[in-house]
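Quick look at run.cif (mmCIF, C-alpha atoms):
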data_input
#
loop_
_atom_site.label_atom_id
_atom_site.label_comp_id
_atom_site.auth_asym_id
_atom_site.auth_seq_id
_atom_site.Cartn_x
_atom_site.Cartn_y
_atom_site.Cartn_z
CA MET D 1 0.00 0.00 0.00
CA PRO D 2 1.14 3.61 -0.55
CA SER D 3 3.20 5.27 2.15
CA ILE D 4 1.40 7.48 4.62
CA ALA D 5 3.74 10.27 3.52
CA THR D 6 2.82 10.20 -0.20
CA PRO D 7 1.16 13.58 -0.96
CA GLN D 8 -2.06 13.58 -2.95
CA LYS D 9 -5.04 15.82 -3.51
CA ARG D 10 -7.01 16.34 -0.29
CA LEU D 11 -10.01 14.06 -0.03
CA PRO D 12 -13.42 15.20 1.15
CA VAL D 13 -14.61 14.46 4.68
CA TYR D 14 -18.08 13.18 5.54
CA TYR D 15 -20.33 13.13 8.57
CA ILE D 16 -23.25 10.70 8.55
CA GLY D 17 -26.28 10.20 10.79
CA HIS D 18 -25.93 6.52 11.48
CA ALA D 19 -29.25 5.56 13.18
CA GLY D 20 -29.75 2.24 14.96
CA VAL D 21 -30.12 -1.26 13.58
CA GLY D 22 -33.74 -0.44 12.69
CA LEU D 23 -32.23 1.45 9.76
CA LEU D 24 -31.82 -1.93 8.07
CA PHE D 25 -35.40 -3.18 8.38
CA ARG D 26 -37.84 -0.38 9.26
CA ASP D 27 -40.35 0.25 6.47
CA ASP D 28 -41.60 3.73 7.39
CA PRO D 29 -41.21 6.71 5.01
CA ASN D 30 -38.61 8.55 7.09
CA ASN D 31 -36.39 5.48 7.33
CA LYS D 32 -36.52 5.03 3.56
CA ILE D 33 -35.35 8.63 3.13
CA VAL D 34 -32.50 8.11 5.60
CA GLN D 35 -31.45 5.01 3.66
CA GLU D 36 -31.55 6.87 0.34
CA ASN D 37 -29.49 9.74 1.80
CA LEU D 38 -26.80 7.27 2.84
CA ARG D 39 -26.84 5.66 -0.61
CA LEU D 40 -26.12 9.09 -2.10
CA VAL D 41 -23.08 9.41 0.17
CA GLY D 42 -21.92 5.91 -0.77
CA ASP D 43 -22.27 6.68 -4.48
CA GLU D 44 -20.19 9.85 -4.03
CA ILE D 45 -17.44 7.96 -2.25
CA ARG D 46 -17.34 5.22 -4.87
CA SER D 47 -17.07 7.89 -7.60
CA LEU D 48 -13.87 9.37 -6.12
CA SER D 49 -10.89 9.03 -8.44
CA PRO D 50 -8.41 7.84 -7.47
CA GLN D 51 -10.10 5.80 -4.80
CA PRO D 52 -8.94 6.37 -1.22
CA LYS D 53 -6.53 3.82 0.17
CA ALA D 54 -8.51 3.56 3.43
CA VAL D 55 -11.35 5.06 5.43
CA ILE D 56 -10.77 6.45 8.92
CA VAL D 57 -14.00 6.32 10.92
CA PHE D 58 -14.88 8.19 14.11
CA SER D 59 -17.99 6.55 15.58
CA GLY D 60 -20.38 7.70 18.27
CA HIS D 61 -19.93 4.25 19.80
CA PHE D 62 -16.15 4.34 20.07
CA GLU D 63 -14.97 6.69 22.77
CA ALA D 64 -11.61 5.94 24.35
CA GLY D 65 -12.08 3.94 27.54
CA GLU D 66 -12.88 5.92 30.66
CA ILE D 67 -10.29 3.93 32.60
CA HIS D 68 -7.49 5.67 30.67
CA GLY D 69 -8.68 9.15 31.54
CA PRO D 70 -9.84 12.00 29.30
CA ASN D 71 -6.68 12.56 27.25
CA LEU D 72 -6.14 9.40 25.23
CA ILE D 73 -7.11 8.15 21.78
CA GLU D 74 -7.48 4.50 20.78
CA VAL D 75 -6.76 3.09 17.31
CA ASN D 76 -8.07 -0.30 16.24
CA ILE D 77 -5.39 -2.58 14.78
CA LYS D 78 -7.26 -5.89 14.96
CA LYS D 79 -7.18 -8.19 11.95
CA GLU D 80 -10.44 -9.89 11.02
CA SER D 81 -12.35 -7.70 13.45
CA PRO D 82 -15.89 -8.99 14.08
CA ILE D 83 -18.94 -6.80 13.92
CA LEU D 84 -20.58 -6.10 17.28
CA HIS D 85 -24.30 -6.57 17.83
CA ASP D 86 -24.12 -3.73 20.36
CA TYR D 87 -27.71 -2.60 20.28
CA VAL D 88 -29.38 -0.28 22.76
CA ASN D 89 -32.52 -2.44 22.85
CA ASP D 90 -32.98 -6.16 23.32
CA PHE D 91 -34.28 -7.48 19.99
CA HIS D 92 -34.29 -11.19 20.84
CA ASP D 93 -38.08 -11.31 21.05
CA SER D 94 -39.10 -8.63 18.55
CA HIS D 95 -36.49 -8.89 15.77
CA PRO D 96 -34.14 -11.82 16.48
CA HIS D 97 -32.81 -11.74 12.92
CA VAL D 98 -30.69 -8.67 13.72
CA TYR D 99 -28.23 -10.89 15.58
CA ASN D 100 -27.49 -12.68 12.31
CA TYR D 101 -26.43 -9.52 10.50
CA ASP D 102 -22.87 -9.37 9.23
CA TRP D 103 -20.87 -6.93 7.14
CA LYS D 104 -17.97 -7.91 4.93
CA HIS D 105 -15.08 -5.51 5.22
CA ILE D 106 -11.32 -5.17 4.92
CA ASP D 107 -9.15 -4.57 7.97
CA ALA D 108 -5.69 -2.98 7.72
CA PRO D 109 -3.73 -3.34 10.96
CA GLU D 110 -0.63 -1.94 9.24
CA LEU D 111 -2.49 1.28 8.38
CA GLY D 112 -3.81 1.42 11.92
CA GLN D 113 -0.22 1.27 13.08
CA ASP D 114 0.64 4.13 10.72
CA ILE D 115 -2.20 6.27 12.11
CA TRP D 116 -1.15 5.42 15.67
CA ARG D 117 2.41 6.57 14.88
CA HIS D 118 1.06 9.75 13.23
CA LEU D 119 -0.95 10.64 16.33
CA LYS D 120 1.96 9.84 18.64
CA ALA D 121 4.29 12.04 16.60
CA ALA D 122 1.78 14.87 17.01
CA GLY D 123 1.98 14.52 20.79
CA ILE D 124 -1.34 12.73 21.31
CA ARG D 125 -1.46 9.96 23.89
CA THR D 126 -2.50 6.99 21.79
CA LYS D 127 -3.21 3.34 22.56
CA ARG D 128 -3.51 0.48 20.09
CA VAL D 129 -6.52 -1.74 20.71
CA GLU D 130 -8.12 -4.83 19.19
CA ARG D 131 -11.87 -4.48 19.04
CA GLY D 132 -14.90 -5.26 16.95
CA ILE D 133 -16.76 -2.90 14.63
CA ASP D 134 -19.65 -1.19 16.42
CA HIS D 135 -23.09 -0.60 14.94
CA GLY D 136 -22.31 3.10 14.41
CA VAL D 137 -20.07 1.87 11.59
CA TRP D 138 -21.34 -1.37 10.14
CA VAL D 139 -25.08 -0.53 10.18
CA PRO D 140 -24.83 2.62 8.01
CA PHE D 141 -22.00 1.10 5.98
CA LYS D 142 -24.29 -1.78 4.95
CA ILE D 143 -26.45 0.92 3.35
CA LEU D 144 -23.57 3.04 2.04
CA PHE D 145 -21.82 0.02 0.54
CA PRO D 146 -24.25 -2.86 -0.12
CA GLU D 147 -23.08 -6.27 -1.31
CA ASP D 148 -23.54 -5.34 -4.96
CA LYS D 149 -21.56 -2.11 -4.46
CA PRO D 150 -19.01 -3.08 -1.79
CA LEU D 151 -16.37 -0.97 -0.14
CA ASP D 152 -13.15 -2.43 -1.53
CA ILE D 153 -10.79 -0.44 0.68
CA PRO D 154 -9.88 -0.94 4.35
CA VAL D 155 -11.61 0.65 7.32
CA VAL D 156 -9.64 1.87 10.35
CA LEU D 157 -11.50 2.80 13.52
CA VAL D 158 -10.14 5.72 15.55
CA SER D 159 -11.81 6.69 18.83
CA THR D 160 -12.86 10.10 19.96
CA TYR D 161 -11.77 11.32 23.39
CA HIS D 162 -13.70 10.32 26.48
CA GLY D 163 -15.25 13.31 28.20
CA ASN D 164 -16.89 16.64 27.49
CA ASN D 165 -13.95 18.71 26.21
CA LEU D 166 -15.37 19.49 22.77
CA GLU D 167 -12.43 21.62 21.64
CA GLN D 168 -10.19 18.61 22.14
CA GLN D 169 -12.30 16.64 19.65
CA ILE D 170 -11.87 19.30 16.97
CA ASP D 171 -8.14 19.41 17.65
CA LEU D 172 -8.03 15.63 17.16
CA GLY D 173 -9.57 16.08 13.74
CA GLN D 174 -7.06 18.79 12.89
CA THR D 175 -4.26 16.35 13.70
CA ILE D 176 -5.84 13.81 11.35
CA SER D 177 -6.38 16.48 8.66
CA SER D 178 -3.02 16.02 6.94
CA LEU D 179 -3.92 12.37 6.27
CA THR D 180 -6.69 13.50 3.92
CA SER D 181 -3.92 14.34 1.46
CA GLN D 182 -2.29 10.95 2.01
CA GLY D 183 -5.15 8.86 0.61
CA TYR D 184 -7.31 8.64 3.74
CA LEU D 185 -11.02 9.41 3.60
CA VAL D 186 -12.42 10.53 6.98
CA ILE D 187 -16.00 9.76 8.02
CA GLY D 188 -17.57 10.84 11.30
CA SER D 189 -20.57 8.69 12.23
CA GLY D 190 -22.92 10.05 14.87
CA MET D 191 -26.16 12.02 15.01
CA ALA D 192 -26.71 15.77 14.92
CA VAL D 193 -29.43 15.32 17.55
CA HIS D 194 -29.35 12.25 19.80
CA SER D 195 -31.48 12.37 22.95
CA PHE D 196 -32.95 9.24 24.45
CA ASP D 197 -33.79 11.40 27.46
CA SER D 198 -36.18 13.45 25.34
CA ILE D 199 -37.67 10.37 23.70
CA GLY D 200 -38.15 8.91 27.17
CA GLU D 201 -40.11 11.99 28.22
CA ILE D 202 -42.50 11.38 25.34
CA HIS D 203 -43.00 7.74 26.28
CA GLN D 204 -43.52 8.61 29.94
CA ALA D 205 -46.03 11.38 29.27
CA SER D 206 -49.68 10.71 29.87
CA GLU D 207 -51.88 10.11 26.86
CA ALA D 208 -53.41 13.55 27.36
CA ASP D 209 -49.99 15.26 27.40
CA ARG D 210 -48.10 13.16 24.86
CA GLN D 211 -48.92 15.26 21.80
CA ALA D 212 -47.77 18.47 23.52
CA VAL D 213 -44.58 16.85 24.83
CA THR D 214 -43.82 15.43 21.38
CA ALA D 215 -44.27 18.86 19.79
CA LYS D 216 -41.98 20.43 22.41
CA VAL D 217 -39.22 17.86 21.85
CA LEU D 218 -39.52 18.14 18.07
CA ALA D 219 -39.24 21.95 18.28
CA GLU D 220 -36.10 21.64 20.42
CA SER D 221 -34.58 19.14 17.99
CA LYS D 222 -35.33 21.31 14.96
CA THR D 223 -33.95 24.41 16.67
CA PHE D 224 -30.66 22.74 17.50
CA ASP D 225 -30.42 21.08 14.08
CA ALA D 226 -30.85 24.48 12.39
CA ALA D 227 -28.22 26.09 14.64
CA LEU D 228 -25.83 23.25 13.92
CA ARG D 229 -26.40 23.60 10.19
CA LYS D 230 -25.54 27.31 10.38
CA ALA D 231 -22.36 26.63 12.37
CA VAL D 232 -21.01 23.64 10.49
CA THR D 233 -21.39 25.14 7.00
CA ILE D 234 -18.91 27.97 7.70
CA PRO D 235 -15.98 27.46 5.27
CA ASP D 236 -13.20 28.90 7.45
CA PRO D 237 -12.01 26.20 9.89
CA GLN D 238 -11.32 28.51 12.83
CA GLU D 239 -14.61 30.37 12.49
CA ARG D 240 -16.41 27.04 12.11
CA LYS D 241 -14.63 25.69 15.19
CA GLN D 242 -15.76 28.60 17.33
CA ALA D 243 -19.32 28.44 16.02
CA LEU D 244 -19.52 24.72 16.82
CA LEU D 245 -18.15 25.25 20.31
CA ASP D 246 -20.63 28.08 20.88
CA LEU D 247 -23.47 25.62 20.36
CA GLN D 248 -22.85 24.48 23.93
CA LEU D 249 -24.34 27.80 25.08
CA LEU D 250 -27.76 27.02 23.60
CA PRO D 251 -30.43 25.69 25.96
CA GLU D 252 -31.23 23.09 23.29
CA PHE D 253 -27.67 21.70 23.37
CA LYS D 254 -28.04 19.61 26.51
CA ARG D 255 -31.54 18.63 25.47
CA SER D 256 -30.23 17.43 22.10
CA HIS D 257 -27.09 15.80 23.51
CA PRO D 258 -27.50 14.71 27.14
CA THR D 259 -24.22 12.88 26.46
CA VAL D 260 -21.89 14.08 23.73
CA GLU D 261 -20.59 10.89 22.12
CA HIS D 262 -22.82 11.24 19.03
CA PHE D 263 -21.86 14.90 18.60
CA THR D 264 -18.09 14.48 18.90
CA PRO D 265 -17.62 12.59 15.59
CA LEU D 266 -18.97 15.70 13.83
CA LEU D 267 -16.40 17.84 15.66
CA ALA D 268 -13.57 15.48 14.67
CA ALA D 269 -14.78 15.44 11.07
CA SER D 270 -14.97 19.24 11.01
CA GLY D 271 -11.42 19.50 12.33
CA ALA D 272 -10.17 17.00 9.75
CA ALA D 273 -11.84 18.90 6.89
CA GLY D 274 -9.94 22.17 7.26
CA HIS D 275 -10.97 24.94 4.85
CA ALA D 276 -13.98 23.46 3.10
CA GLU D 277 -17.29 23.98 1.38
CA VAL D 278 -19.80 22.21 3.62
CA GLU D 279 -23.18 21.00 2.41
CA SER D 280 -25.78 18.55 3.63
CA VAL D 281 -26.31 15.46 1.49
CA GLY D 282 -29.85 14.30 0.87
CA VAL D 283 -33.08 15.31 2.58
CA ASN D 284 -32.61 16.18 6.25
CA ILE D 285 -34.86 14.17 8.56
CA VAL D 286 -35.46 15.51 12.07
CA GLU D 287 -37.60 13.49 14.46
CA PRO D 288 -38.31 14.20 18.13
CA GLY D 289 -34.94 13.64 19.80
CA MET D 290 -33.11 12.55 16.63
CA SER D 291 -31.58 14.15 13.51
CA TYR D 292 -30.19 12.08 10.64
CA VAL D 293 -28.47 14.83 8.64
CA ASN D 294 -25.34 14.01 6.61
CA TYR D 295 -22.62 16.52 5.69
CA ARG D 296 -19.98 16.64 3.00
CA PHE D 297 -16.87 18.78 3.60
CA ARG D 298 -15.36 19.47 0.18
CA PRO D 299 -11.80 20.87 0.40
CA LEU D 300 -11.22 24.41 -0.88
#
Would you mind writing the structure in this file as structure tokens?
Amino acid sequence: MPSIATPQKRLPVYYIGHAGVGLLFRDDPNNKIVQENLRLVGDEIRSLSPQPKAVIVFSGHFEAGEIHGPNLIEVNIKKESPILHDYVNDFHDSHPHVYNYDWKHIDAPELGQDIWRHLKAAGIRTKRVERGIDHGVWVPFKILFPEDKPLDIPVVLVSTYHGNNLEQQIDLGQTISSLTSQGYLVIGSGMAVHSFDSIGEIHQASEADRQAVTAKVLAESKTFDAALRKAVTIPDPQERKQALLDLQLLPEFKRSHPTVEHFTPLLAASGAAGHAEVESVGVNIVEPGMSYVNYRFRPL
């Protein structure tokens, strides 16, 4: 494979709303739109010429382990890494078939080692790990790259930081940024709004109050999604960084992200993109407590 130091044209960076395993079998109209949006992203990636040599993925389900503290990044170097059926819900009674899902992919431990060395050289505390591929990766990737249009390049999983230091996540992406001109395509996989707390409020509301609570949560989700869209589409990386960090000041921020692990992949992707034209891909779907928007960062 090409050396990590071989200069090339900068590749675009993507952020995708990955959804849960229901993405693969739900038959409702919104889910079909989310699937089609991801297919558009997959088609764009397959059309890149030359093709990337590997994909670096930041997933909302791969934070560095809490045991190591808040200042460490993990890089997966496992060969033949299994997919993880790491679902939030127990589907054994309702949809047992989801535990039979698989996703064919290519691992590249040697490229993982290269990325680990790159991060270490930049002064980032970095640990090599051997782990499976979480559903924040393989579920959307089954839609992005179906069996008849497979992803024929390796995937390397890189964690985000554990903890709530959002600036640190953007700085991580900036450290990865130079690899976008070395043949690496960066994808952040999370959700622009991800609030099980808000969804829980809807479920717990009385029948008389449920419609009003649902409307309230949907309004909060749409407000934050719109603010995020305004911030993330700023071309200048430093202005975009500050605008993204300022989102923490909004009352809707904590409501939309009670925990930040699905927001941080967007921050890492934004940092990796540098100076870029940023556009959403597909039709944005916002549901109460969830947003499935996808973004393309095209280098300028």
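Using only C-alpha atoms, the shortest contact distance between Leu267 in chain D and any of D:Gln169, D:Asn31, D:Thr126, D:Ser221 is found at D:Gln169.
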Item to complete: Go ahead and compute the interatomic distance for CA of Asp28 in chain D and CA of Ser280 in chain D, in Å to one decimal.
Response: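 That distance, rounded to one decimal, is 22.0 Å.
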Taking (-13.5, 5.5, 14.2) as a centre in this file's frame and 7 Å as the limit, can you find every polymer residue with an atom that close, using all atoms listed in the file, and give them as an mmCIF file with C-alpha atoms, keeping the file's coordinate frame?
data_model
loop_
_atom_site.group_PDB
_atom_site.id
_atom_site.type_symbol
_atom_site.label_atom_id
_atom_site.label_comp_id
_atom_site.auth_asym_id
_atom_site.auth_seq_id
_atom_site.Cartn_x
_atom_site.Cartn_y
_atom_site.Cartn_z
ATOM 1 C CA ILE D 56 -10.770 6.450 8.920
ATOM 2 C CA VAL D 57 -14.000 6.320 10.920
ATOM 3 C CA PHE D 58 -14.880 8.190 14.110
ATOM 4 C CA SER D 59 -17.990 6.550 15.580
ATOM 5 C CA PHE D 62 -16.150 4.340 20.070
ATOM 6 C CA VAL D 156 -9.640 1.870 10.350
ATOM 7 C CA LEU D 157 -11.500 2.800 13.520
ATOM 8 C CA VAL D 158 -10.140 5.720 15.550
ATOM 9 C CA SER D 159 -11.810 6.690 18.830
#
Counting all atoms listed in the file, which residues of range 150-204 of chain D sit at most 12 Å from some atom of range 239-261 of chain D, and what is each one's closest atom pair with its distance in Å to one decimal, listed by chain and rising residue number, as CSV?
residue,atom,partner,partner_atom,distance
D:Ser159,CA,D:Glu261,CA,10.3
D:Thr160,CA,D:Glu261,CA,8.1
D:Tyr161,CA,D:Glu261,CA,8.9
D:His162,CA,D:Glu261,CA,8.2
D:Gly163,CA,D:Val260,CA,8.0
D:Asn164,CA,D:Val260,CA,6.8
D:Asn165,CA,D:Val260,CA,9.5
D:Leu166,CA,D:Leu245,CA,6.9
D:Glu167,CA,D:Leu245,CA,6.9
D:Gln168,CA,D:Leu245,CA,10.5
D:Gln169,CA,D:Lys241,CA,10.4
D:Ile170,CA,D:Lys241,CA,7.2
D:Asp171,CA,D:Lys241,CA,9.4
D:Gly173,CA,D:Lys241,CA,11.0
D:Gln174,CA,D:Lys241,CA,10.5
D:Gly188,CA,D:Glu261,CA,11.2
D:Ser189,CA,D:Glu261,CA,10.1
D:Gly190,CA,D:Glu261,CA,7.7
D:Met191,CA,D:Glu261,CA,9.1
D:Ala192,CA,D:Ser256,CA,8.2
D:Val193,CA,D:Ser256,CA,5.1
D:His194,CA,D:His257,CA,5.6
D:Ser195,CA,D:Ser256,CA,5.3
D:Phe196,CA,D:Pro258,CA,8.2
D:Asp197,CA,D:Pro258,CA,7.1
D:Ser198,CA,D:Arg255,CA,7.0
D:Ile199,CA,D:Ser256,CA,10.4
D:Gly200,CA,D:Arg255,CA,11.9
D:Glu201,CA,D:Arg255,CA,11.2
**Message:** I'd like the residues picked by the PyMOL selection byres ((chain D and resi 132) around 8) written out as an NGL selection string, using the chain letters and numbers from the file.
**Reply:** :D and (78 or 81-84 or 130-131 or 133-134)
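For the pair CA of Tyr99 in chain D and CA of His85 in chain D, the separation is 6.3 Å.
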With distances taken over only C-alpha atoms, the candidate from D:Leu172, D:Ile153, D:Ile143, D:Val129 nearest Pro265 in chain D is D:Leu172
- Write out as a PyMOL selection string which residues come within 8 Å of Phe297 in chain D when counting only C-alpha atoms, dropping same-chain ones fewer than 2 positions away. chain D and resi 12-14+270+273+276-279+295+299
Non-local contacts of Lys222 in chain D (7 Å; only C-alpha atoms; under 4 positions in same chain excluded) as a ChimeraX atom specification: /D:218,226,286
- Item | Hits of the PyMOL selection byres ((chain D and resi 152) around 12) in this structure, as number ranges by chain | D: 45-46, 51-55, 104-108, 145-151, 153-155
Please rebuild range 256-278 of chain D with N, CA, C and O atoms and give the result as a PDB file, in the coordinates of the input.
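The result, written out as result-v5.pdb:
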ATOM      1  N   SER D 256     -30.499  18.200  23.321  1.00  0.00           N
ATOM      2  CA  SER D 256     -30.230  17.430  22.100  1.00  0.00           C
ATOM      3  C   SER D 256     -29.111  16.421  22.286  1.00  0.00           C
ATOM      4  O   SER D 256     -29.042  15.418  21.560  1.00  0.00           O
ATOM      5  N   HIS D 257     -28.220  16.699  23.240  1.00  0.00           N
ATOM      6  CA  HIS D 257     -27.090  15.800  23.510  1.00  0.00           C
ATOM      7  C   HIS D 257     -26.867  15.689  25.017  1.00  0.00           C
ATOM      8  O   HIS D 257     -25.935  16.285  25.564  1.00  0.00           O
ATOM      9  N   PRO D 258     -27.730  14.921  25.706  1.00  0.00           N
ATOM     10  CA  PRO D 258     -27.500  14.710  27.140  1.00  0.00           C
ATOM     11  C   PRO D 258     -26.108  14.139  27.414  1.00  0.00           C
ATOM     12  O   PRO D 258     -25.501  14.419  28.439  1.00  0.00           O
ATOM     13  N   THR D 259     -25.616  13.319  26.495  1.00  0.00           N
ATOM     14  CA  THR D 259     -24.220  12.880  26.460  1.00  0.00           C
ATOM     15  C   THR D 259     -23.696  13.210  25.067  1.00  0.00           C
ATOM     16  O   THR D 259     -24.460  13.247  24.104  1.00  0.00           O
ATOM     17  N   VAL D 260     -22.395  13.451  24.955  1.00  0.00           N
ATOM     18  CA  VAL D 260     -21.890  14.080  23.730  1.00  0.00           C
ATOM     19  C   VAL D 260     -21.294  13.115  22.706  1.00  0.00           C
ATOM     20  O   VAL D 260     -20.821  13.538  21.660  1.00  0.00           O
ATOM     21  N   GLU D 261     -21.337  11.812  22.970  1.00  0.00           N
ATOM     22  CA  GLU D 261     -20.590  10.890  22.120  1.00  0.00           C
ATOM     23  C   GLU D 261     -21.077  10.834  20.671  1.00  0.00           C
ATOM     24  O   GLU D 261     -20.315  10.469  19.772  1.00  0.00           O
ATOM     25  N   HIS D 262     -22.340  11.228  20.417  1.00  0.00           N
ATOM     26  CA  HIS D 262     -22.820  11.240  19.030  1.00  0.00           C
ATOM     27  C   HIS D 262     -22.586  12.585  18.350  1.00  0.00           C
ATOM     28  O   HIS D 262     -22.760  12.699  17.136  1.00  0.00           O
ATOM     29  N   PHE D 263     -22.195  13.580  19.130  1.00  0.00           N
ATOM     30  CA  PHE D 263     -21.860  14.900  18.600  1.00  0.00           C
ATOM     31  C   PHE D 263     -20.377  14.992  18.276  1.00  0.00           C
ATOM     32  O   PHE D 263     -19.983  15.655  17.306  1.00  0.00           O
ATOM     33  N   THR D 264     -19.541  14.323  19.057  1.00  0.00           N
ATOM     34  CA  THR D 264     -18.090  14.480  18.900  1.00  0.00           C
ATOM     35  C   THR D 264     -17.553  13.982  17.554  1.00  0.00           C
ATOM     36  O   THR D 264     -16.584  14.562  17.049  1.00  0.00           O
ATOM     37  N   PRO D 265     -18.127  12.944  16.915  1.00  0.00           N
ATOM     38  CA  PRO D 265     -17.620  12.590  15.590  1.00  0.00           C
ATOM     39  C   PRO D 265     -17.764  13.717  14.566  1.00  0.00           C
ATOM     40  O   PRO D 265     -16.947  13.849  13.649  1.00  0.00           O
ATOM     41  N   LEU D 266     -18.817  14.545  14.715  1.00  0.00           N
ATOM     42  CA  LEU D 266     -18.970  15.700  13.830  1.00  0.00           C
ATOM     43  C   LEU D 266     -17.841  16.703  14.081  1.00  0.00           C
ATOM     44  O   LEU D 266     -17.294  17.287  13.137  1.00  0.00           O
ATOM     45  N   LEU D 267     -17.476  16.906  15.334  1.00  0.00           N
ATOM     46  CA  LEU D 267     -16.400  17.840  15.660  1.00  0.00           C
ATOM     47  C   LEU D 267     -15.077  17.337  15.085  1.00  0.00           C
ATOM     48  O   LEU D 267     -14.298  18.115  14.526  1.00  0.00           O
ATOM     49  N   ALA D 268     -14.812  16.042  15.222  1.00  0.00           N
ATOM     50  CA  ALA D 268     -13.570  15.480  14.670  1.00  0.00           C
ATOM     51  C   ALA D 268     -13.560  15.589  13.149  1.00  0.00           C
ATOM     52  O   ALA D 268     -12.534  15.937  12.545  1.00  0.00           O
ATOM     53  N   ALA D 269     -14.707  15.321  12.524  1.00  0.00           N
ATOM     54  CA  ALA D 269     -14.780  15.440  11.070  1.00  0.00           C
ATOM     55  C   ALA D 269     -14.551  16.880  10.630  1.00  0.00           C
ATOM     56  O   ALA D 269     -13.822  17.137   9.659  1.00  0.00           O
ATOM     57  N   SER D 270     -15.154  17.825  11.341  1.00  0.00           N
ATOM     58  CA  SER D 270     -14.970  19.240  11.010  1.00  0.00           C
ATOM     59  C   SER D 270     -13.511  19.637  11.122  1.00  0.00           C
ATOM     60  O   SER D 270     -12.980  20.347  10.259  1.00  0.00           O
ATOM     61  N   GLY D 271     -12.845  19.191  12.176  1.00  0.00           N
ATOM     62  CA  GLY D 271     -11.420  19.500  12.330  1.00  0.00           C
ATOM     63  C   GLY D 271     -10.594  18.900  11.223  1.00  0.00           C
ATOM     64  O   GLY D 271      -9.652  19.531  10.724  1.00  0.00           O
ATOM     65  N   ALA D 272     -10.937  17.678  10.804  1.00  0.00           N
ATOM     66  CA  ALA D 272     -10.170  17.000   9.750  1.00  0.00           C
ATOM     67  C   ALA D 272     -10.365  17.667   8.389  1.00  0.00           C
ATOM     68  O   ALA D 272      -9.501  17.588   7.520  1.00  0.00           O
ATOM     69  N   ALA D 273     -11.504  18.346   8.204  1.00  0.00           N
ATOM     70  CA  ALA D 273     -11.840  18.900   6.890  1.00  0.00           C
ATOM     71  C   ALA D 273     -11.045  20.147   6.544  1.00  0.00           C
ATOM     72  O   ALA D 273     -10.820  20.445   5.363  1.00  0.00           O
ATOM     73  N   GLY D 274     -10.639  20.930   7.550  1.00  0.00           N
ATOM     74  CA  GLY D 274      -9.940  22.170   7.260  1.00  0.00           C
ATOM     75  C   GLY D 274     -10.833  23.150   6.519  1.00  0.00           C
ATOM     76  O   GLY D 274     -12.044  23.197   6.710  1.00  0.00           O
ATOM     77  N   HIS D 275     -10.218  23.958   5.631  1.00  0.00           N
ATOM     78  CA  HIS D 275     -10.970  24.940   4.850  1.00  0.00           C
ATOM     79  C   HIS D 275     -11.811  24.185   3.826  1.00  0.00           C
ATOM     80  O   HIS D 275     -11.282  23.461   2.973  1.00  0.00           O
ATOM     81  N   ALA D 276     -13.122  24.320   3.916  1.00  0.00           N
ATOM     82  CA  ALA D 276     -13.980  23.460   3.100  1.00  0.00           C
ATOM     83  C   ALA D 276     -15.318  24.102   2.810  1.00  0.00           C
ATOM     84  O   ALA D 276     -15.828  24.927   3.588  1.00  0.00           O
ATOM     85  N   GLU D 277     -15.892  23.706   1.686  1.00  0.00           N
ATOM     86  CA  GLU D 277     -17.290  23.980   1.380  1.00  0.00           C
ATOM     87  C   GLU D 277     -18.096  22.854   2.018  1.00  0.00           C
ATOM     88  O   GLU D 277     -17.829  21.677   1.766  1.00  0.00           O
ATOM     89  N   VAL D 278     -19.062  23.210   2.863  1.00  0.00           N
ATOM     90  CA  VAL D 278     -19.800  22.210   3.620  1.00  0.00           C
ATOM     91  C   VAL D 278     -21.270  22.240   3.224  1.00  0.00           C
ATOM     92  O   VAL D 278     -21.915  23.291   3.262  1.00  0.00           O
TER      93      VAL D 278
END
